[in-house]
Structures are given as structure tokens and as C-alpha cells.
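Below is the file run.pdb, which contains PDB, C-alpha atoms.
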```pdb
ATOM      1  CA  MET A  25      74.324  95.009  99.057
ATOM      2  CA  SER A  26      75.907  92.693  96.520
ATOM      3  CA  GLY A  27      78.690  90.586  97.979
ATOM      4  CA  PHE A  28      77.580  90.818 101.650
ATOM      5  CA  PHE A  29      74.730  89.162 103.478
ATOM      6  CA  ILE A  30      73.546  88.583 107.024
ATOM      7  CA  TYR A  31      73.241  85.098 108.506
ATOM      8  CA  LYS A  32      73.252  83.722 112.016
ATOM      9  CA  MET A  33      76.899  82.675 112.229
ATOM     10  CA  ASN A  34      78.842  84.925 109.869
ATOM     11  CA  SER A  35      82.626  85.392 109.808
ATOM     12  CA  PHE A  36      82.490  88.220 112.328
ATOM     13  CA  ASP A  37      80.376  86.128 114.709
ATOM     14  CA  LYS A  38      82.936  83.345 114.470
ATOM     15  CA  LYS A  39      85.683  85.770 115.497
ATOM     16  CA  LEU A  40      83.579  86.861 118.459
ATOM     17  CA  GLN A  41      82.982  83.239 119.404
ATOM     18  CA  ASP A  42      86.725  82.521 119.225
ATOM     19  CA  HIS A  43      87.262  85.269 121.813
ATOM     20  CA  ASP A  44      84.269  84.357 124.034
ATOM     21  CA  GLN A  45      82.381  87.540 123.056
ATOM     22  CA  TYR A  46      79.505  86.046 121.062
ATOM     23  CA  PRO A  47      76.772  87.147 120.703
ATOM     24  CA  LEU A  48      77.379  90.882 120.504
ATOM     25  CA  THR A  49      74.907  92.598 122.806
ATOM     26  CA  ALA A  50      74.075  96.148 123.844
ATOM     27  CA  GLU A  51      75.135  97.448 127.247
ATOM     28  CA  GLY A  52      72.585 100.193 127.705
ATOM     29  CA  ILE A  53      71.830 103.223 125.548
ATOM     30  CA  SER A  54      73.610 106.421 126.451
ATOM     31  CA  THR A  55      73.463 107.997 122.971
ATOM     32  CA  LEU A  56      70.689 108.546 120.456
ATOM     33  CA  GLN A  57      72.225 109.183 117.032
ATOM     34  CA  VAL A  58      69.672 111.098 114.988
ATOM     35  CA  ASN A  59      69.922 111.548 111.227
ATOM     36  CA  LEU A  60      67.967 114.712 110.389
ATOM     37  CA  GLY A  61      68.063 114.077 106.642
ATOM     38  CA  TYR A  62      70.121 112.848 103.704
ATOM     39  CA  GLN A  63      70.015 116.212 101.945
ATOM     40  CA  CYS A  64      73.475 117.801 101.781
ATOM     41  CA  ASN A  65      75.171 120.730 100.083
ATOM     42  CA  LEU A  66      78.017 118.376  99.040
ATOM     43  CA  ALA A  67      78.249 114.973  97.340
ATOM     44  CA  CYS A  68      81.467 113.505  98.803
ATOM     45  CA  SER A  69      82.952 110.496  97.046
ATOM     46  CA  HIS A  70      83.256 108.490 100.290
ATOM     47  CA  CYS A  71      79.763 109.246 101.677
ATOM     48  CA  HIS A  72      78.070 106.038 102.832
ATOM     49  CA  VAL A  73      74.626 107.697 103.065
ATOM     50  CA  GLU A  74      75.054 109.187  99.565
ATOM     51  CA  GLY A  75      74.110 112.648 100.779
ATOM     52  CA  SER A  76      73.749 115.308  98.074
ATOM     53  CA  PRO A  77      71.757 118.418  97.079
ATOM     54  CA  LYS A  78      69.485 116.093  95.065
ATOM     55  CA  ARG A  79      68.301 114.128  98.108
ATOM     56  CA  ASP A  80      65.014 115.303  99.586
ATOM     57  CA  GLU A  81      64.727 113.018 102.643
ATOM     58  CA  ILE A  82      64.355 115.320 105.650
ATOM     59  CA  MET A  83      63.110 114.283 109.092
ATOM     60  CA  PRO A  84      59.558 115.646 109.504
ATOM     61  CA  LEU A  85      58.489 117.497 112.627
ATOM     62  CA  ASN A  86      56.194 114.705 113.885
ATOM     63  CA  VAL A  87      59.127 112.236 113.995
ATOM     64  CA  MET A  88      61.306 114.851 115.657
ATOM     65  CA  LEU A  89      58.647 115.403 118.316
ATOM     66  CA  ASP A  90      58.536 111.658 119.051
ATOM     67  CA  ILE A  91      62.323 111.668 119.505
ATOM     68  CA  LEU A  92      62.126 114.636 121.839
ATOM     69  CA  ASP A  93      59.501 112.805 123.868
ATOM     70  CA  ILE A  94      61.864 109.823 124.193
ATOM     71  CA  LEU A  95      64.681 112.104 125.341
ATOM     72  CA  ARG A  96      62.416 113.820 127.848
ATOM     73  CA  LYS A  97      61.355 110.507 129.381
ATOM     74  CA  HIS A  98      64.748 108.763 129.587
ATOM     75  CA  ASP A  99      67.476 110.380 131.656
ATOM     76  CA  GLU A 100      69.912 107.527 130.951
ATOM     77  CA  ILE A 101      70.109 108.711 127.340
ATOM     78  CA  THR A 102      72.577 111.485 128.046
ATOM     79  CA  SER A 103      73.852 112.346 124.562
ATOM     80  CA  VAL A 104      72.237 113.265 121.232
ATOM     81  CA  ASP A 105      74.478 112.779 118.194
ATOM     82  CA  ILE A 106      73.003 114.794 115.307
ATOM     83  CA  THR A 107      74.052 113.836 111.791
ATOM     84  CA  GLY A 108      72.989 113.845 108.128
ATOM     85  CA  GLY A 109      73.562 114.657 105.186
ATOM     86  CA  SER A 110      73.924 118.164 106.407
ATOM     87  CA  PRO A 111      71.744 118.183 109.528
ATOM     88  CA  GLU A 112      71.742 121.989 109.495
ATOM     89  CA  LEU A 113      69.548 121.901 106.353
ATOM     90  CA  ASN A 114      66.603 120.505 108.310
ATOM     91  CA  PRO A 115      64.262 123.494 108.808
ATOM     92  CA  ASN A 116      63.691 122.442 112.445
ATOM     93  CA  PHE A 117      67.404 122.010 113.242
ATOM     94  CA  LYS A 118      67.616 124.914 115.710
ATOM     95  CA  PHE A 119      64.377 123.895 117.413
ATOM     96  CA  PHE A 120      65.672 120.346 117.859
ATOM     97  CA  VAL A 121      69.031 121.455 119.302
ATOM     98  CA  THR A 122      67.447 124.005 121.635
ATOM     99  CA  THR A 123      64.869 121.543 122.961
ATOM    100  CA  CYS A 124      67.456 118.790 123.504
ATOM    101  CA  LYS A 125      69.495 121.295 125.470
ATOM    102  CA  THR A 126      66.549 122.092 127.761
ATOM    103  CA  PHE A 127      66.499 118.379 128.698
ATOM    104  CA  GLY A 128      70.129 118.626 129.847
ATOM    105  CA  LYS A 129      71.510 116.424 127.058
ATOM    106  CA  GLU A 130      75.014 116.621 125.618
ATOM    107  CA  ILE A 131      74.587 117.673 121.979
ATOM    108  CA  ILE A 132      76.982 116.598 119.217
ATOM    109  CA  VAL A 133      76.585 117.967 115.693
ATOM    110  CA  ARG A 134      78.419 116.374 112.772
ATOM    111  CA  THR A 135      79.145 118.939 110.075
ATOM    112  CA  ASN A 136      80.969 119.185 106.755
ATOM    113  CA  LEU A 137      81.974 122.808 107.587
ATOM    114  CA  ALA A 138      81.325 124.028 104.022
ATOM    115  CA  ILE A 139      77.631 124.301 104.881
ATOM    116  CA  TYR A 140      78.224 127.520 106.837
ATOM    117  CA  SER A 141      78.970 129.487 103.677
ATOM    118  CA  GLU A 142      75.604 128.551 102.179
ATOM    119  CA  PRO A 143      72.896 131.267 102.124
ATOM    120  CA  GLY A 144      70.976 131.334 105.393
ATOM    121  CA  MET A 145      73.524 129.187 107.245
ATOM    122  CA  GLU A 146      75.971 131.924 108.225
ATOM    123  CA  ASP A 147      74.696 132.285 111.800
ATOM    124  CA  ILE A 148      74.783 128.564 112.665
ATOM    125  CA  PRO A 149      78.308 128.643 114.223
ATOM    126  CA  GLN A 150      77.221 131.383 116.627
ATOM    127  CA  PHE A 151      74.055 129.440 117.474
ATOM    128  CA  LEU A 152      76.047 126.277 118.221
ATOM    129  CA  ALA A 153      78.543 128.143 120.386
ATOM    130  CA  ALA A 154      75.761 129.819 122.351
ATOM    131  CA  HIS A 155      74.265 126.392 123.137
ATOM    132  CA  LYS A 156      77.671 124.826 123.908
ATOM    133  CA  VAL A 157      77.218 122.161 121.242
ATOM    134  CA  LYS A 158      80.125 119.777 120.692
ATOM    135  CA  MET A 159      81.146 119.605 117.042
ATOM    136  CA  VAL A 160      82.589 116.803 114.917
ATOM    137  CA  ALA A 161      83.806 118.451 111.731
ATOM    138  CA  SER A 162      84.577 116.367 108.669
ATOM    139  CA  LEU A 163      87.812 117.383 106.937
ATOM    140  CA  PRO A 164      89.065 114.364 104.975
ATOM    141  CA  CYS A 165      92.571 115.793 104.508
ATOM    142  CA  TYR A 166      94.620 118.747 105.792
ATOM    143  CA  SER A 167      95.637 119.663 102.232
ATOM    144  CA  GLU A 168      93.556 121.494  99.652
ATOM    145  CA  GLU A 169      94.201 118.866  96.982
ATOM    146  CA  GLY A 170      93.135 115.998  99.249
ATOM    147  CA  VAL A 171      89.877 117.645 100.306
ATOM    148  CA  GLU A 172      88.865 118.779  96.838
ATOM    149  CA  ARG A 173      89.554 115.337  95.370
ATOM    150  CA  GLN A 174      86.756 113.983  97.585
ATOM    151  CA  ARG A 175      84.483 117.025  97.780
ATOM    152  CA  GLY A 176      84.968 119.249  94.763
ATOM    153  CA  LYS A 177      86.628 122.552  93.923
ATOM    154  CA  GLY A 178      86.409 125.350  96.474
ATOM    155  CA  THR A 179      85.325 123.145  99.379
ATOM    156  CA  TYR A 180      88.688 123.328 101.186
ATOM    157  CA  ARG A 181      88.687 127.120 101.384
ATOM    158  CA  ARG A 182      85.113 127.114 102.687
ATOM    159  CA  ALA A 183      85.986 124.537 105.369
ATOM    160  CA  ILE A 184      89.052 126.492 106.478
ATOM    161  CA  GLU A 185      87.058 129.710 106.784
ATOM    162  CA  ALA A 186      84.453 127.876 108.873
ATOM    163  CA  LEU A 187      87.148 126.489 111.178
ATOM    164  CA  LYS A 188      88.598 129.973 111.631
ATOM    165  CA  THR A 189      85.143 131.281 112.544
ATOM    166  CA  LEU A 190      84.634 128.454 115.046
ATOM    167  CA  ASN A 191      88.067 129.030 116.587
ATOM    168  CA  ALA A 192      87.232 132.730 116.971
ATOM    169  CA  LEU A 193      84.062 131.724 118.851
ATOM    170  CA  GLY A 194      86.149 129.649 121.295
ATOM    171  CA  TYR A 195      85.973 126.201 119.720
ATOM    172  CA  GLY A 196      89.129 124.144 120.181
ATOM    173  CA  ASN A 197      90.581 126.255 122.983
ATOM    174  CA  SER A 198      92.600 124.520 125.691
ATOM    175  CA  ASP A 199      89.929 125.252 128.334
ATOM    176  CA  GLY A 200      87.702 122.607 126.675
ATOM    177  CA  ALA A 201      84.556 124.719 127.038
ATOM    178  CA  LEU A 202      83.678 124.382 123.344
ATOM    179  CA  GLU A 203      84.904 121.144 121.787
ATOM    180  CA  ILE A 204      85.558 120.525 118.120
ATOM    181  CA  ASP A 205      86.972 117.260 116.782
ATOM    182  CA  ILE A 206      88.161 116.760 113.208
ATOM    183  CA  MET A 207      87.031 113.656 111.308
ATOM    184  CA  PHE A 208      89.424 112.120 108.762
ATOM    185  CA  ASN A 209      88.367 109.726 105.985
ATOM    186  CA  PRO A 210      90.668 108.047 103.445
ATOM    187  CA  ALA A 211      90.031 108.793  99.781
ATOM    188  CA  GLY A 212      88.787 105.265  99.041
ATOM    189  CA  ALA A 213      88.776 101.685 100.297
ATOM    190  CA  ALA A 214      91.699 101.970 102.684
ATOM    191  CA  ILE A 215      92.262 101.496 106.388
ATOM    192  CA  ALA A 216      92.768 104.812 108.149
ATOM    193  CA  PRO A 217      96.373 105.503 109.264
ATOM    194  CA  ASP A 218      97.423 105.579 112.919
ATOM    195  CA  GLN A 219      95.144 108.103 114.597
ATOM    196  CA  GLN A 220      97.759 109.669 116.878
ATOM    197  CA  MET A 221     100.299 110.163 114.087
ATOM    198  CA  LEU A 222      97.605 111.596 111.818
ATOM    199  CA  GLU A 223      96.436 113.981 114.546
ATOM    200  CA  LYS A 224      99.981 115.313 114.896
ATOM    201  CA  ALA A 225     100.170 115.926 111.132
ATOM    202  CA  TYR A 226      96.804 117.727 111.129
ATOM    203  CA  ARG A 227      97.827 119.935 114.066
ATOM    204  CA  GLU A 228     101.132 120.858 112.462
ATOM    205  CA  ASN A 229      99.743 121.589 109.006
ATOM    206  CA  LEU A 230      96.495 123.330 109.955
ATOM    207  CA  GLY A 231      98.301 125.318 112.646
ATOM    208  CA  LYS A 232     101.209 126.373 110.450
ATOM    209  CA  ASP A 233      99.193 127.158 107.320
ATOM    210  CA  HIS A 234      96.017 128.600 108.834
ATOM    211  CA  GLY A 235      96.432 129.097 112.594
ATOM    212  CA  ILE A 236      93.669 126.534 113.227
ATOM    213  CA  HIS A 237      93.396 124.454 116.398
ATOM    214  CA  PHE A 238      91.063 121.646 117.471
ATOM    215  CA  ASN A 239      90.568 119.190 120.344
ATOM    216  CA  ARG A 240      91.324 115.820 118.740
ATOM    217  CA  LEU A 241      91.298 113.952 115.472
ATOM    218  CA  ILE A 242      89.080 110.951 114.714
ATOM    219  CA  ALA A 243      90.343 108.597 111.997
ATOM    220  CA  LEU A 244      87.491 106.673 110.356
ATOM    221  CA  SER A 245      87.983 104.072 107.644
ATOM    222  CA  ASN A 246      85.367 104.125 104.885
ATOM    223  CA  MET A 247      82.607 101.528 104.834
ATOM    224  CA  PRO A 248      82.371  99.970 101.332
ATOM    225  CA  ILE A 249      78.678 100.809 100.945
ATOM    226  CA  GLY A 250      76.806 103.770  99.538
ATOM    227  CA  ARG A 251      78.652 105.920  97.005
ATOM    228  CA  LEU A 252      82.029 104.302  97.630
ATOM    229  CA  GLY A 253      80.545 100.804  97.483
ATOM    230  CA  LYS A 254      79.086 101.495  94.046
ATOM    231  CA  ALA A 255      82.466 102.711  92.785
ATOM    232  CA  LEU A 256      84.298  99.532  93.849
ATOM    233  CA  SER A 257      84.394  96.245  91.991
ATOM    234  CA  GLU A 258      83.510  93.067  93.897
ATOM    235  CA  PRO A 259      87.201  91.971  93.984
ATOM    236  CA  GLU A 260      88.191  95.389  95.372
ATOM    237  CA  LYS A 261      85.523  95.138  98.087
ATOM    238  CA  GLN A 262      86.592  91.639  99.022
ATOM    239  CA  GLU A 263      90.264  92.578  99.184
ATOM    240  CA  PHE A 264      89.440  95.458 101.517
ATOM    241  CA  MET A 265      87.271  93.236 103.713
ATOM    242  CA  ASN A 266      90.062  90.663 103.911
ATOM    243  CA  GLN A 267      92.463  93.373 105.103
ATOM    244  CA  LEU A 268      90.014  94.440 107.807
ATOM    245  CA  GLU A 269      89.476  90.869 109.002
ATOM    246  CA  GLU A 270      93.219  90.257 109.225
ATOM    247  CA  LYS A 271      93.530  93.267 111.542
ATOM    248  CA  PHE A 272      90.684  92.224 113.883
ATOM    249  CA  ASN A 273      91.403  93.360 117.449
ATOM    250  CA  PRO A 274      89.166  91.879 120.201
ATOM    251  CA  SER A 275      90.128  94.751 122.534
ATOM    252  CA  THR A 276      87.917  97.075 120.483
ATOM    253  CA  ILE A 277      84.703  95.146 121.287
ATOM    254  CA  PRO A 278      83.817  96.819 124.634
ATOM    255  CA  ASN A 279      83.950 100.318 123.091
ATOM    256  CA  LEU A 280      81.927  99.663 119.933
ATOM    257  CA  MET A 281      79.407 102.456 119.499
ATOM    258  CA  CYS A 282      76.558 100.060 118.696
ATOM    259  CA  ARG A 283      76.739  98.692 122.248
ATOM    260  CA  HIS A 284      75.788 102.055 123.727
ATOM    261  CA  LEU A 285      73.874 103.737 120.884
ATOM    262  CA  ILE A 286      70.746 103.584 118.728
ATOM    263  CA  SER A 287      70.665 105.155 115.255
ATOM    264  CA  VAL A 288      67.461 106.867 114.097
ATOM    265  CA  SER A 289      66.724 107.394 110.394
ATOM    266  CA  PRO A 290      64.930 110.498 109.055
ATOM    267  CA  ASP A 291      61.650 108.554 108.926
ATOM    268  CA  GLY A 292      62.001 107.377 112.544
ATOM    269  CA  ARG A 293      63.205 103.782 112.105
ATOM    270  CA  LEU A 294      65.742 102.346 114.561
ATOM    271  CA  PHE A 295      69.051 100.688 113.701
ATOM    272  CA  ASP A 296      72.129  99.401 115.540
ATOM    273  CA  CYS A 297      74.334 101.903 113.676
ATOM    274  CA  ASP A 298      74.107 104.346 110.798
ATOM    275  CA  PHE A 299      75.761 101.833 108.444
ATOM    276  CA  TRP A 300      72.871  99.425 109.053
ATOM    277  CA  GLN A 301      70.549 102.393 108.543
ATOM    278  CA  VAL A 302      71.886 102.784 104.990
ATOM    279  CA  LEU A 303      71.481  99.044 104.363
ATOM    280  CA  THR A 304      67.985  99.130 105.992
ATOM    281  CA  ILE A 305      68.797  96.314 108.442
ATOM    282  CA  PRO A 306      66.627  97.079 111.509
ATOM    283  CA  VAL A 307      67.244  96.176 115.128
ATOM    284  CA  MET A 308      66.418  92.576 116.077
ATOM    285  CA  ASN A 309      63.411  93.121 118.327
ATOM    286  CA  GLY A 310      59.903  94.533 118.218
ATOM    287  CA  SER A 311      60.954  98.105 118.996
ATOM    288  CA  THR A 312      61.896  99.128 115.472
ATOM    289  CA  THR A 313      60.681 102.757 115.283
ATOM    290  CA  VAL A 314      60.574 105.799 117.534
ATOM    291  CA  HIS A 315      56.794 105.355 117.699
ATOM    292  CA  SER A 316      57.258 102.001 119.503
ATOM    293  CA  PHE A 317      60.466 102.892 121.368
ATOM    294  CA  ASP A 318      61.064 100.460 124.248
ATOM    295  CA  LEU A 319      64.244 101.316 126.119
ATOM    296  CA  ASP A 320      64.184  98.158 128.239
ATOM    297  CA  LEU A 321      64.150  95.975 125.106
ATOM    298  CA  LEU A 322      66.676  98.015 123.182
ATOM    299  CA  LYS A 323      69.304  98.421 125.861
ATOM    300  CA  LYS A 324      69.716  94.631 126.203
ATOM    301  CA  ARG A 325      69.263  93.713 122.543
ATOM    302  CA  GLU A 326      71.429  91.389 120.483
ATOM    303  CA  ILE A 327      73.157  93.449 117.796
ATOM    304  CA  VAL A 328      72.951  92.588 114.109
ATOM    305  CA  THR A 329      76.381  91.663 112.726
ATOM    306  CA  SER A 330      78.017  90.874 109.390
ATOM    307  CA  SER A 331      81.518  90.827 107.937
ATOM    308  CA  LEU A 332      81.209  94.605 107.574
ATOM    309  CA  CYS A 333      81.655  94.863 111.359
ATOM    310  CA  PHE A 334      85.366  94.187 110.856
ATOM    311  CA  LEU A 335      85.627  97.862 109.828
ATOM    312  CA  CYS A 336      85.053  99.022 113.420
ATOM    313  CA  THR A 337      87.265  96.345 114.995
ATOM    314  CA  ALA A 338      90.392  96.515 112.826
ATOM    315  CA  GLY A 339      93.609  97.648 114.506
ATOM    316  CA  ALA A 340      92.840 100.252 117.165
ATOM    317  CA  GLY A 341      89.198 100.429 116.072
ATOM    318  CA  ALA A 342      87.616 102.975 113.764
ATOM    319  CA  SER A 343      84.179 104.026 114.942
ATOM    320  CA  CYS A 344      82.586 107.471 114.748
ATOM    321  CA  SER A 345      83.906 108.147 118.259
ATOM    322  CA  GLY A 346      87.520 107.434 117.374
ATOM    323  CA  ALA A 347      90.080 104.702 117.867
ATOM    324  CA  LEU A 348      90.464 102.615 121.011
ATOM    325  CA  THR A 349      93.582 104.391 122.240
ATOM    326  CA  GLN A 350      91.914 107.771 121.926
ATOM    327  CA  ASN A 351      88.809 106.572 123.751
ATOM    328  CA  LYS A 352      90.918 105.306 126.637
ATOM    329  CA  SER A 353      92.870 108.537 126.908
ATOM    330  CA  LYS A 354      89.649 110.515 126.866
ATOM    331  CA  GLU A 355      88.114 108.377 129.602
ATOM    332  CA  HIS A 356      91.042 109.047 131.918
ATOM    333  CA  ARG A 357      91.259 112.799 131.357
TER     334      ARG A 357
END
```

Write the structure described by the file as C-alpha cells, please.
Amino acid sequence: MSGFFIYKMNSFDKKLQDHDQYPLTAEGISTLQVNLGYQCNLACSHCHVEGSPKRDEIMPLNVMLDILDILRKHDEITSVDITGGSPELNPNFKFFVTTCKTFGKEIIVRTNLAIYSEPGMEDIPQFLAAHKVKMVASLPCYSEEGVERQRGKGTYRRAIEALKTLNALGYGNSDGALEIDIMFNPAGAAIAPDQQMLEKAYRENLGKDHGIHFNRLIALSNMPIGRLGKALSEPEKQEFMNQLEEKFNPSTIPNLMCRHLISVSPDGRLFDCDFWQVLTIPVMNGSTTVHSFDLDLLKKREIVTSSLCFLCTAGAGASCSGALTQNKSKEHR
């Protein structure tokens, strides 16, 4: 990507060194994040993987079978985080979820919600509820105008109807049996607002206007790559990166997802995170695909870093699993 490059001692590494946390290393692998394909029913303006209906990259069955074999063999991988694009568009989506469940794994599915109004997708919410799948639902704003600015006309109504269906199935209830988290993204190159304050606003507005409830909100700042990266000028990118670096918080380092996760691309390659997957920067050891998966190597690996890593370490942190304060509160529940 123009404007960013990887080298041994980059600005993020220097920050780590200043706080005696260099080099950044993995601390085991508890989660396999699996991208089932870049094909999507939407083309959101902030999407770092540039998912759209025009993309045709879908994980083939042979790669999926290799992943299932890894999950069968390794009990310490306890969670499977399924993403896309729209992962539901993979023709083997239900097979993959069902098989992962037979191995006793926690299943997380990341969804844009609007997918469930597409032909042939209407029964997916019931399928997910029946298999007790945890859901992370992207809803970049609680207002119709905010959502449709990023996703297009009609997408807000479709997302709201999907949330109502999921609530009716038991998702978001106080008993915690079926969890659904909402994912917020800013409209452009901006640092996400305070997660707790934003969660309160989402609860109040979605509850008052639509009677919708959910478990928690995850506030994720946008990575300036992919579709958003192409829309920004180099000065705009650099200004955003400077803001992130100024807000660096060393307390976020222990909870970084890359320290406990491996990201798998639709063609079976392995990456430290899904951002590096988009930039095609592989893990730094010989185990670079699911076909050569070596858990002992991967769980102690040094993690690839660049200035882009400031995105996940700014303020309270902004990874796909939520901010630092939310992670701590979840750990103690």
C-alpha cells in the first residue's frame, strides 16, 4: 500500500521497545479467524476487504476440509471466528458451522444483517440460533441516514428487520444464551468514539425506535486500506495515522487479537490478522498455509508489525473484539 511499508524497526516497534514490549509475539492460538470469501451482497464504503457482489473469491471445499482437520486435531483452538465478505454466501457455510460445532468449538459469525433478506438466505437466522452461534452484527450507525451513507439505500430497514428476527429467536436476551454484539464503524478515517458512551446511545435509540436489544457494542476504527484507503489522499492517511500514534496506549498490548489468533484467507493462507490478509503480508515463519499448519510454530511466532498497528492500540484499543475496558469487564463477568 502506498505510504506504508514494513521494516524491522518501524515506528510501532519503537513504541513497543520504549515500553519493554518488543518484539510483539503470540501467546498461543485460541481463535482461528476464517474468511469464507470476499463476495458480499453490499459494497460498504469503509470495507477494508473491498467485499462486493462483483467479487468471486469463495473458500473452496478442499481448503475448508483442511481447516476442519486442524480444528479436529487441536483442542486449544477453542473458537472459530467466521467472516467475509458475507460468509453466509459460501455454499458450504452451513456444513462448516455444523462441523465446527461437532468439535465443541465456540462459533462466531460476523454478518452485515442485510444478507438475510436476500433470496435463499431467509432461514439462516434460525439455523444460527439452533446451533447457538454467537453473532457480531455490523451496523455502522443507529440512524437510517448514517447506515445508508455507508451502505446504500434500503440497507438500514433490512438490517433492522434482521435484528428484530434475531431478537425474536432469543438473541440479545438477558439470559446470555444467544449472544449478539453490534459492530460500529465511523464513516471515514476517524477514531471511533468512546465505546461505552456509544453503546448507551445505540441501546437508547434502537430500543426506543425499534424495540431492539443486544449484548454489547464494539467500536472499531477504520483501517485506511482497501476501499477507504483508495478514497483517501496520502496527506489524509498520514494525518489519521499521526492521530492514532498520538493516542498509543501500552495497556492495550496484552489483549491484541493477533496475539491469540490466526487469520485464514479464502485460499488457505495464514496471516497475523485480517488487515495483513488484505495487504498479503504472511506470518513470519514456515507455516504459511493451512496445508502446512504447525501450531507449535505459530503459537510462539513473532508478529508482523507496521505503523498501521497503531489503529488497534489507540486509546482504549479498537480490535474486532472490542475496546480494552469492554474486554476487561467481559473477563470478570

Quiz prompt | Nearest residue to Ala161 of chain A from the set A:Leu285, A:Leu193, A:Leu244, A:Ile206 (distances using all atoms listed in the file) | solution =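 Looking only at the distances to Ala161 of chain A, the closest residue turns out to be A:Ile206.
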
Quiz prompt | Residues returned when the PyMOL selection byres ((chain A and resi 331) around 8) runs on this file, as a ChimeraX atom specification | solution = /A:28,34-36,265,329-330,332-334

Quiz item: How many Å lie between atom CA of Ser311 of chain A and atom CA of Ser54 of chain A, rounded to one decimal?
Solution: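 If I compute the distance from atom CA of Ser311 of chain A to atom CA of Ser54 of chain A, I get 16.9 Å.
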
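With distances taken over all atoms listed in the file, A:Leu66 is the one residue among A:Pro77, A:Leu66, A:Thr55, A:Ile82 lying closest to Lys177 of chain A.
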
Self-check item: Hits from the PyMOL selection byres ((chain A and resi 167) around 10), listed as a list in words
Solution: Leu163, Pro164, Cys165, Tyr166, Glu168, Glu169, Gly170, Val171, Glu172, Tyr180, Tyr226, Asn229, Leu230 and Asp233 of chain A

Go ahead and fit an axis-aligned box to every listed atom of segment 107-116 of chain A plus 6 Å each side, and pass me the centre and edge lengths in Å, one decimal, as JSON.
```
{"center_x": 68.9, "center_y": 118.7, "center_z": 108.8, "size_x": 22.4, "size_y": 21.7, "size_z": 19.3}
```

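Candidate residues A:Asp105, A:Glu51, A:Glu74, A:Asp42 were compared for distance to Leu252 of chain A, and the nearest is A:Glu74, using all atoms listed in the file.
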
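Once the PyMOL selection byres ((chain A and resi 264) around 10) is applied to the depicted file, the selected set reads Ala213, Ala214, Ile215, Met247, Pro248, Glu258, Pro259, Glu260, Lys261, Gln262, Glu263, Met265, Asn266, Gln267, Leu268, Glu269 and Leu335 of chain A.
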
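With distances restricted to only C-alpha atoms, A:Glu142 is the closest residue to Glu112 of chain A from A:Asp80, A:Glu142, A:Asp44, A:Asp205.
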
Quiz prompt | Contacts of Lys118 of chain A at 9 Å (all atoms listed in the file; same-chain gap of 5+ positions) as a ChimeraX atom specification | solution = /A:112,123,148,151-152

Quiz prompt | Selection near segment 272-279 of chain A, 6 Å with all atoms listed in the file, sequence-local residues under 3 positions removed, as number ranges by chain | solution = A: 269, 337-339, 341

Exercise. Have a look at atom CA of Cys336 of chain A and atom CA of Leu280 of chain A and let me know their distance in Å, one decimal.
Key: 7.3 Å

Self-check item: Selected residue of minimal separation from Phe208 of chain A among A:Thr49, A:Ser69, A:Ser162, A:Thr122, counting all atoms listed in the file
Solution: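 With all atoms listed in the file as the atom set, the closest residue is A:Ser162.
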
Self-check item: Counting only C-alpha atoms, the option among A:Val288, A:Ala50, A:Ala183, A:Ile132 closest to Ile94 of chain A
Solution: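 Of A:Val288, A:Ala50, A:Ala183, A:Ile132, the one nearest Ile94 of chain A, counting only C-alpha atoms, is A:Val288.
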
Exercise. Record the distance separating atom CA of Leu256 of chain A and atom CA of Gly212 of chain A, expressed in Å with one decimal.
Key: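 The value is 8.9 Å.
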
For the contact check between segment 253-328 of chain A and segment 60-63 of chain A, emit one row per residue of segment 253-328 of chain A within 12 Å, containing the shortest atom pair and the distance in Å rounded to one decimal, counting all atoms listed in the file, chain then rising number order, as a Markdown table.
```
| residue | atom | partner | partner_atom | distance |
| --- | --- | --- | --- | --- |
| A:Ser287 | CA | A:Leu60 | CA | 11.1 |
| A:Val288 | CA | A:Leu60 | CA | 8.7 |
| A:Ser289 | CA | A:Leu60 | CA | 7.4 |
| A:Pro290 | CA | A:Gly61 | CA | 5.3 |
| A:Asp291 | CA | A:Gly61 | CA | 8.8 |
| A:Gly292 | CA | A:Leu60 | CA | 9.7 |
| A:Asp298 | CA | A:Tyr62 | CA | 11.8 |
| A:Gln301 | CA | A:Tyr62 | CA | 11.5 |
| A:Val302 | CA | A:Tyr62 | CA | 10.3 |
```

Quiz prompt | Polymer residues at most 12 Å from Met33 of chain A, all atoms listed in the file, same-chain spacing of 2 or more positions, as a list in words | solution = Phe29, Ile30, Tyr31, Ser35, Phe36, Asp37, Lys38, Lys39, Leu40, Gln41, Tyr46, Pro47, Leu48, Val328, Thr329, Ser330 and Ser331 of chain A

Quiz prompt | Within 12 Å of file point (84.8, 122.4, 119.3), counting all atoms listed in the file, expressed as a ChimeraX atom specification | solution = /A:131-135,149,152-153,155-161,186-206,236-241
